[in-house]
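Next comes structure04.pdb, with PDB, C-alpha atoms.
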```pdb
ATOM      1  CA  MET A   1     -12.150 -20.477 -19.124
ATOM      2  CA  ASP A   2     -12.247 -22.555 -22.324
ATOM      3  CA  ASN A   3      -8.966 -23.207 -24.120
ATOM      4  CA  GLN A   4      -8.375 -24.790 -27.470
ATOM      5  CA  ILE A   5      -6.893 -28.262 -27.267
ATOM      6  CA  ILE A   6      -3.595 -28.371 -29.135
ATOM      7  CA  SER A   7      -1.907 -31.694 -28.750
ATOM      8  CA  GLY A   8       1.598 -31.526 -27.310
ATOM      9  CA  ARG A   9       1.556 -27.758 -26.538
ATOM     10  CA  ARG A  10       1.323 -26.323 -23.031
ATOM     11  CA  GLY A  11       1.689 -22.972 -21.307
ATOM     12  CA  PRO A  12       0.841 -19.378 -22.210
ATOM     13  CA  PHE A  13       1.445 -18.018 -25.690
ATOM     14  CA  SER A  14       1.320 -14.589 -27.226
ATOM     15  CA  ASP A  15      -2.220 -13.267 -27.657
ATOM     16  CA  ASP A  16      -1.522 -12.712 -31.365
ATOM     17  CA  ILE A  17      -0.131 -16.122 -32.269
ATOM     18  CA  GLU A  18      -2.125 -18.128 -34.802
ATOM     19  CA  MET A  19      -2.888 -21.656 -33.634
ATOM     20  CA  PRO A  20      -4.793 -24.427 -35.384
ATOM     21  CA  LEU A  21      -8.070 -25.577 -33.868
ATOM     22  CA  SER A  22      -8.717 -29.182 -32.961
ATOM     23  CA  GLY A  23     -11.993 -30.882 -33.793
ATOM     24  CA  ASP A  24     -13.651 -34.255 -33.565
ATOM     25  CA  ASN A  25     -14.792 -36.358 -36.500
ATOM     26  CA  TRP A  26     -18.248 -34.753 -36.301
ATOM     27  CA  GLY A  27     -16.750 -31.349 -37.079
ATOM     28  CA  ASN A  28     -17.132 -29.991 -33.512
ATOM     29  CA  GLN A  29     -14.447 -27.747 -32.036
ATOM     30  CA  LEU A  30     -12.845 -29.286 -28.938
ATOM     31  CA  VAL A  31     -12.332 -27.138 -25.852
ATOM     32  CA  SER A  32     -10.930 -27.886 -22.419
ATOM     33  CA  ASN A  33     -11.590 -26.131 -19.102
ATOM     34  CA  PHE A  34      -8.362 -24.876 -17.571
ATOM     35  CA  GLY A  35      -8.203 -23.606 -14.005
ATOM     36  CA  PRO A  36     -10.823 -21.745 -11.927
ATOM     37  CA  LYS A  37     -13.610 -19.707 -13.481
ATOM     38  CA  TYR A  38     -11.903 -16.296 -13.375
ATOM     39  CA  LEU A  39      -8.286 -17.416 -13.748
ATOM     40  CA  GLU A  40      -7.678 -15.609 -17.034
ATOM     41  CA  TRP A  41      -9.078 -12.295 -15.796
ATOM     42  CA  SER A  42      -7.057 -12.653 -12.598
ATOM     43  CA  ARG A  43      -3.881 -13.447 -14.555
ATOM     44  CA  ARG A  44      -4.337 -10.234 -16.534
ATOM     45  CA  GLY A  45      -4.925  -8.146 -13.407
ATOM     46  CA  TYR A  46      -8.548  -7.366 -14.253
ATOM     47  CA  ILE A  47     -10.076  -8.277 -10.857
ATOM     48  CA  PHE A  48     -10.294  -5.866  -7.913
ATOM     49  CA  THR A  49     -11.861  -5.753  -4.453
ATOM     50  CA  ALA A  50     -13.633  -2.731  -2.965
ATOM     51  CA  ARG A  51     -13.916  -2.919   0.826
ATOM     52  CA  PRO A  52     -15.029  -0.269   3.328
ATOM     53  CA  THR A  53     -12.698   0.993   6.058
ATOM     54  CA  ALA A  54     -15.397   0.346   8.671
ATOM     55  CA  ALA A  55     -18.488  -1.772   9.058
ATOM     56  CA  ALA A  56     -21.485  -0.061   7.442
ATOM     57  CA  ALA A  57     -25.253  -0.190   7.749
ATOM     58  CA  LEU A  58     -27.566  -0.997   4.862
ATOM     59  CA  ILE A  59     -28.842   2.492   4.092
ATOM     60  CA  ILE A  60     -32.495   2.558   3.008
ATOM     61  CA  PHE A  61     -32.808   3.157  -0.753
ATOM     62  CA  SER A  62     -34.695   6.430  -0.270
ATOM     63  CA  THR A  63     -31.816   8.087   1.624
ATOM     64  CA  ALA A  64     -29.444  10.282  -0.378
ATOM     65  CA  THR A  65     -26.239   9.696   1.532
ATOM     66  CA  ASN A  66     -23.573   7.226   2.593
ATOM     67  CA  ALA A  67     -24.464   4.031   0.735
ATOM     68  CA  PRO A  68     -21.335   2.100  -0.373
ATOM     69  CA  THR A  69     -20.910   3.066  -4.025
ATOM     70  CA  LEU A  70     -18.796   1.763  -6.914
ATOM     71  CA  TRP A  71     -18.267   4.387  -9.631
ATOM     72  CA  ASN A  72     -16.862   3.900 -13.125
ATOM     73  CA  PRO A  73     -15.741   7.452 -13.926
ATOM     74  CA  GLU A  74     -16.272   8.962 -17.345
ATOM     75  CA  GLY A  75     -13.224   8.486 -19.552
ATOM     76  CA  SER A  76     -12.024   5.331 -17.790
ATOM     77  CA  GLY A  77     -12.029   3.268 -20.973
ATOM     78  CA  LYS A  78     -13.230   0.317 -18.867
ATOM     79  CA  LEU A  79     -16.343  -1.785 -18.455
ATOM     80  CA  ILE A  80     -16.901  -2.603 -14.774
ATOM     81  CA  VAL A  81     -18.436  -6.033 -14.162
ATOM     82  CA  PRO A  82     -19.447  -6.886 -10.551
ATOM     83  CA  LEU A  83     -18.616 -10.484  -9.636
ATOM     84  CA  PHE A  84     -19.339 -11.074  -5.928
ATOM     85  CA  LEU A  85     -20.825  -9.300  -2.914
ATOM     86  CA  ASN A  86     -19.957 -10.643   0.543
ATOM     87  CA  LEU A  87     -21.554  -9.392   3.778
ATOM     88  CA  HIS A  88     -20.350 -10.202   7.283
ATOM     89  CA  PRO A  89     -22.497  -9.055  10.249
ATOM     90  CA  VAL A  90     -20.783  -7.019  12.964
ATOM     91  CA  ALA A  91     -23.388  -5.346  15.174
ATOM     92  CA  VAL A  92     -26.844  -6.922  15.204
ATOM     93  CA  ALA A  93     -29.133  -4.588  17.122
ATOM     94  CA  SER A  94     -32.259  -4.549  14.969
ATOM     95  CA  ALA A  95     -34.718  -7.255  13.986
ATOM     96  CA  VAL A  96     -36.046  -5.316  10.998
ATOM     97  CA  HIS A  97     -36.654  -7.424   7.892
ATOM     98  CA  THR A  98     -34.992  -5.908   4.839
ATOM     99  CA  GLY A  99     -33.655  -6.923   1.450
ATOM    100  CA  VAL A 100     -30.390  -5.945  -0.241
ATOM    101  CA  LEU A 101     -30.612  -4.121  -3.541
ATOM    102  CA  VAL A 102     -28.495  -2.245  -6.049
ATOM    103  CA  GLY A 103     -29.161   1.415  -6.778
ATOM    104  CA  LEU A 104     -28.037   2.881 -10.111
ATOM    105  CA  LYS A 105     -26.835   6.322 -11.194
ATOM    106  CA  SER A 106     -25.808   7.181 -14.750
ATOM    107  CA  ALA A 107     -24.040  10.153 -16.367
ATOM    108  CA  CYS A 108     -22.046  10.756 -13.178
ATOM    109  CA  GLY A 109     -19.015  12.274 -14.900
ATOM    110  CA  ALA A 110     -15.579  11.768 -13.392
ATOM    111  CA  THR A 111     -15.311  14.269 -10.535
ATOM    112  CA  ALA A 112     -17.259  14.967  -7.357
ATOM    113  CA  ALA A 113     -18.255  18.621  -6.975
ATOM    114  CA  THR A 114     -21.053  20.852  -5.766
ATOM    115  CA  GLY A 115     -23.971  20.489  -8.177
ATOM    116  CA  ALA A 116     -22.487  17.338  -9.734
ATOM    117  CA  PRO A 117     -24.189  13.920  -9.377
ATOM    118  CA  PHE A 118     -21.804  13.298  -6.436
ATOM    119  CA  PRO A 119     -21.316  16.457  -4.339
ATOM    120  CA  THR A 120     -18.961  14.446  -2.106
ATOM    121  CA  PHE A 121     -17.214  11.151  -2.766
ATOM    122  CA  THR A 122     -14.341  10.003  -0.548
ATOM    123  CA  ASN A 123     -12.541   7.432  -2.664
ATOM    124  CA  LYS A 124     -11.121   4.299  -1.079
ATOM    125  CA  VAL A 125      -9.061   2.939  -3.963
ATOM    126  CA  PRO A 126     -10.006  -0.685  -4.736
ATOM    127  CA  THR A 127      -7.227  -3.266  -4.466
ATOM    128  CA  CYS A 128      -6.053  -5.387  -7.397
ATOM    129  CA  ASN A 129      -6.543  -9.082  -6.626
ATOM    130  CA  THR A 130      -3.310  -9.849  -8.489
ATOM    131  CA  PRO A 131      -0.777  -7.719  -6.594
ATOM    132  CA  ALA A 132       2.098  -8.703  -8.882
ATOM    133  CA  ALA A 133       0.223  -7.182 -11.842
ATOM    134  CA  GLY A 134       0.823  -3.713 -10.396
ATOM    135  CA  LYS A 135      -2.578  -2.475 -11.627
ATOM    136  CA  THR A 136      -4.339   0.581 -10.177
ATOM    137  CA  ALA A 137      -8.118   0.590 -10.305
ATOM    138  CA  SER A 138      -9.871   2.967 -12.664
ATOM    139  CA  ALA A 139     -13.054   2.517 -10.605
ATOM    140  CA  LYS A 140     -13.685   4.614  -7.516
ATOM    141  CA  PHE A 141     -15.293   3.299  -4.334
ATOM    142  CA  ALA A 142     -16.772   5.305  -1.480
ATOM    143  CA  ASP A 143     -17.747   3.389   1.600
ATOM    144  CA  ASN A 144     -19.352   5.711   4.151
ATOM    145  CA  VAL A 145     -18.724   9.213   2.805
ATOM    146  CA  VAL A 146     -20.711   9.832  -0.363
ATOM    147  CA  THR A 147     -23.644  12.105  -1.119
ATOM    148  CA  PHE A 148     -25.992  12.176  -4.105
ATOM    149  CA  THR A 149     -27.597  15.178  -5.773
ATOM    150  CA  ALA A 150     -30.379  12.801  -6.835
ATOM    151  CA  ILE A 151     -31.081   9.527  -5.045
ATOM    152  CA  PRO A 152     -29.977   6.419  -6.998
ATOM    153  CA  THR A 153     -32.697   4.607  -8.899
ATOM    154  CA  THR A 154     -33.754   1.266  -7.450
ATOM    155  CA  PHE A 155     -32.217  -1.090  -9.982
ATOM    156  CA  VAL A 156     -31.895  -4.780  -9.002
ATOM    157  CA  ASP A 157     -33.037  -6.769  -5.964
ATOM    158  CA  LEU A 158     -30.284  -9.272  -5.176
ATOM    159  CA  GLY A 159     -32.348 -11.816  -3.255
ATOM    160  CA  MET A 160     -30.099 -11.352  -0.194
ATOM    161  CA  TYR A 161     -31.936 -10.199   2.894
ATOM    162  CA  GLN A 162     -31.705  -9.554   6.598
ATOM    163  CA  ALA A 163     -34.145 -11.840   8.382
ATOM    164  CA  ALA A 164     -36.315 -10.940  11.334
ATOM    165  CA  ALA A 165     -33.582 -12.215  13.664
ATOM    166  CA  GLY A 166     -31.313  -9.498  12.294
ATOM    167  CA  LEU A 167     -28.837 -11.769  10.511
ATOM    168  CA  PRO A 168     -28.218 -11.919   6.764
ATOM    169  CA  VAL A 169     -29.568 -14.909   4.901
ATOM    170  CA  ASP A 170     -27.130 -16.209   2.267
ATOM    171  CA  PRO A 171     -24.628 -13.352   2.770
ATOM    172  CA  HIS A 172     -22.767 -14.172  -0.463
ATOM    173  CA  TYR A 173     -24.093 -13.094  -3.854
ATOM    174  CA  GLU A 174     -22.553 -14.020  -7.198
ATOM    175  CA  PHE A 175     -23.331 -11.729 -10.091
ATOM    176  CA  ASN A 176     -23.661 -13.507 -13.420
ATOM    177  CA  GLY A 177     -23.271 -10.639 -15.839
ATOM    178  CA  GLU A 178     -26.668  -9.090 -15.151
ATOM    179  CA  ILE A 179     -25.022  -5.751 -14.258
ATOM    180  CA  ALA A 180     -22.202  -3.939 -16.061
ATOM    181  CA  LEU A 181     -21.158  -0.337 -15.488
ATOM    182  CA  GLY A 182     -20.065   1.723 -18.464
ATOM    183  CA  PRO A 183     -18.067   4.946 -18.080
ATOM    184  CA  GLY A 184     -20.078   7.403 -15.985
ATOM    185  CA  ASP A 185     -22.224   4.712 -14.305
ATOM    186  CA  ALA A 186     -22.288   3.994 -10.561
ATOM    187  CA  MET A 187     -23.951   1.370  -8.367
ATOM    188  CA  SER A 188     -24.781   1.576  -4.672
ATOM    189  CA  ILE A 189     -25.475  -1.242  -2.199
ATOM    190  CA  MET A 190     -28.643  -0.329  -0.298
ATOM    191  CA  GLY A 191     -31.412  -1.775   1.858
ATOM    192  CA  GLN A 192     -35.117  -2.057   1.145
ATOM    193  CA  ALA A 193     -35.787  -0.861   4.690
ATOM    194  CA  ALA A 194     -33.640   1.035   7.184
ATOM    195  CA  SER A 195     -31.508  -1.036   9.547
ATOM    196  CA  VAL A 196     -28.954  -0.054  12.164
ATOM    197  CA  ASN A 197     -27.204  -3.414  11.872
ATOM    198  CA  THR A 198     -23.708  -3.072  10.451
ATOM    199  CA  TYR A 199     -21.748  -5.287   8.088
ATOM    200  CA  TRP A 200     -18.289  -5.660   6.706
ATOM    201  CA  MET A 201     -18.596  -5.796   2.960
ATOM    202  CA  SER A 202     -16.423  -6.879   0.040
ATOM    203  CA  LEU A 203     -17.474  -6.079  -3.511
ATOM    204  CA  ILE A 204     -15.332  -7.973  -6.031
ATOM    205  CA  PHE A 205     -15.432  -6.765  -9.624
ATOM    206  CA  ALA A 206     -13.582  -6.922 -12.939
ATOM    207  CA  GLU A 207     -12.316  -3.999 -15.000
ATOM    208  CA  LEU A 208     -12.375  -5.014 -18.645
ATOM    209  CA  PRO A 209     -10.823  -2.989 -21.471
ATOM    210  CA  LEU A 210     -13.575  -1.222 -23.392
ATOM    211  CA  ALA A 211     -12.839  -1.205 -27.107
ATOM    212  CA  ALA A 212     -14.454   1.341 -29.439
ATOM    213  CA  GLY A 213     -18.036   0.274 -30.014
ATOM    214  CA  GLY A 214     -17.813  -2.121 -27.090
ATOM    215  CA  LEU A 215     -21.281  -1.166 -25.819
ATOM    216  CA  ALA A 216     -22.940  -1.297 -29.237
TER
END
```

The structure given in the file should be rewritten as structure tokens.
Amino acid sequence: MDNQIISGRRGPFSDDIEMPLSGDNWGNQLVSNFGPKYLEWSRRGYIFTARPTAAAALIIFSTATNAPTLWNPEGSGKLIVPLFLNLHPVAVASAVHTGVLVGLKSACGATAATGAPFPTFTNKVPTCNTPAAGKTASAKFADNVVTFTAIPTTFVDLGMYQAAAGLPVDPHYEFNGEIALGPGDAMSIMGQAASVNTYWMSLIFAELPLAAGGLA
């Protein structure tokens, strides 16, 4: 986070307070890094973690069921920004070589129902990473019980992969703003090829307030 440098003043202030900017004698505004990268979002209770209740396999992208899915329901008023994906191997029984990718579904509405984009979607409510904020996630997350009327579109290859030995290579991925889910959008974590190996998974994301015209 970048903060304005105001000599002699410390600590949080009201969001609406007017403060003078400091500059150097070349006319440049001075800023100062304060705290870790996502400190401000964390302080405001914007960051959540979605984690399955059991270790899951990387479902091949052409299968229309049971891929861990993060859903920003219609009407949420939020923009969902993925931050990190962490994989931890549990059962390594296959030496298949496969990559990890994100599948995308749009116009998913807000409710699972027969004939809807999600006929079934068992929600495991994501956890706020700032417990004291008392925030409840607007996003929904299904780990192993979700079905699709139409298979998600192959969207982004993450560069993570399961090597021939069956173990993940670089099992931590940091998103850098290349994916954002508007209301009605959903993303699924899938494999390029089928694998029976299972992983614990944590998908860390931010829920940002979506102002009118925020996607324009």

Residues selected by the PyMOL selection byres ((chain A and resi 125-133) around 7), written as a ChimeraX atom specification: /A:42,45,47-50,123-124,134-137,140-141

Applying the PyMOL selection byres ((chain A and resi 151) around 10) to the file I just gave you, which residues come out? Please list them as a PyMOL selection string. chain A and resi 61-65+103-105+117+147-150+152-154

Filtering to C-alpha atoms, could you give me those residues as a PDB file, in the coordinates of the input?
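Written file, out21.pdb:
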```pdb
ATOM      1  CA  PHE A  61     -32.808   3.157  -0.753  1.00  0.00           C
ATOM      2  CA  SER A  62     -34.695   6.430  -0.270  1.00  0.00           C
ATOM      3  CA  THR A  63     -31.816   8.087   1.624  1.00  0.00           C
ATOM      4  CA  ALA A  64     -29.444  10.282  -0.378  1.00  0.00           C
ATOM      5  CA  THR A  65     -26.239   9.696   1.532  1.00  0.00           C
ATOM      6  CA  GLY A 103     -29.161   1.415  -6.778  1.00  0.00           C
ATOM      7  CA  LEU A 104     -28.037   2.881 -10.111  1.00  0.00           C
ATOM      8  CA  LYS A 105     -26.835   6.322 -11.194  1.00  0.00           C
ATOM      9  CA  PRO A 117     -24.189  13.920  -9.377  1.00  0.00           C
ATOM     10  CA  THR A 147     -23.644  12.105  -1.119  1.00  0.00           C
ATOM     11  CA  PHE A 148     -25.992  12.176  -4.105  1.00  0.00           C
ATOM     12  CA  THR A 149     -27.597  15.178  -5.773  1.00  0.00           C
ATOM     13  CA  ALA A 150     -30.379  12.801  -6.835  1.00  0.00           C
ATOM     14  CA  PRO A 152     -29.977   6.419  -6.998  1.00  0.00           C
ATOM     15  CA  THR A 153     -32.697   4.607  -8.899  1.00  0.00           C
ATOM     16  CA  THR A 154     -33.754   1.266  -7.450  1.00  0.00           C
TER      17      THR A 154
END
```

Explicit residues for the PyMOL selection byres ((chain A and resi 71) around 6) (as number ranges by chain): A: 70, 72-73, 139-140, 186

With only C-alpha atoms as the atoms that count, which of A:Leu181, A:Leu85, A:Ala55, A:Ala110 lies nearest to Ile204 (chain A)?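 Closest residue, counting only C-alpha atoms: A:Leu85.
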
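Going from CA of Asn197 (chain A) to CA of Asn86 (chain A) covers 15.3 Å.
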
Would you compute the box with edges along x, y and z of the file around region 128-135 of chain A, including every atom the file lists for it and 3 Å extra on each side, and give its centre and edge lengths in Å to one decimal, as AutoDock Vina command-line options?
```
--center_x -2.2 --center_y -6.2 --center_z -9.2 --size_x 14.6 --size_y 13.4 --size_z 11.2
```

Write out as a PyMOL selection string the residues lying within 10 Å of Val81 (chain A), counting only C-alpha atoms and excluding same-chain residues fewer than 4 positions away. chain A and resi 46-47+175-182+204-208

Please dump the current selection as a tab-separated table (two decimals), in the frame of the given file; keep C-alpha atoms.
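See result09.tsv below for the written result:
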```
chain	number	residue	atom	x	y	z
A	46	TYR	CA	-8.55	-7.37	-14.25
A	47	ILE	CA	-10.08	-8.28	-10.86
A	175	PHE	CA	-23.33	-11.73	-10.09
A	176	ASN	CA	-23.66	-13.51	-13.42
A	177	GLY	CA	-23.27	-10.64	-15.84
A	178	GLU	CA	-26.67	-9.09	-15.15
A	179	ILE	CA	-25.02	-5.75	-14.26
A	180	ALA	CA	-22.20	-3.94	-16.06
A	181	LEU	CA	-21.16	-0.34	-15.49
A	182	GLY	CA	-20.07	1.72	-18.46
A	204	ILE	CA	-15.33	-7.97	-6.03
A	205	PHE	CA	-15.43	-6.76	-9.62
A	206	ALA	CA	-13.58	-6.92	-12.94
A	207	GLU	CA	-12.32	-4.00	-15.00
A	208	LEU	CA	-12.38	-5.01	-18.64
```

What is the CA of Leu58 (chain A)-CA of Glu74 (chain A) distance in Å, reported with one decimal? 26.8 Å

Which residue out of A:Ser188, A:Asn66, A:Ser32, A:Thr53 has the minimum interatomic distance to Pro119 (chain A) when all atoms listed in the file are used?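 Ranked by minimum distance to Pro119 (chain A), first place goes to A:Asn66.
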
Separation of CA of Gly214 (chain A) from CA of Lys78 (chain A) in Å: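 Interatomic distance here is 9.7 Å.
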
Distance criterion (only C-alpha atoms): nearest to Met201 (chain A) out of A:Gly115, A:Gly159, A:Pro89, A:Gly109: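 Using only C-alpha atoms, Met201 (chain A) sits closest to A:Pro89.
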
Among A:Leu83, A:Leu203, A:Thr98, A:Leu215, Lys37 (chain A) is approached most closely, using all atoms listed in the file, by A:Leu83

Would you mind telling me which residue in A:Tyr161, A:Tyr199, A:Tyr173, A:Phe121 lies nearest to Thr69 (chain A) when using all atoms listed in the file? A:Phe121
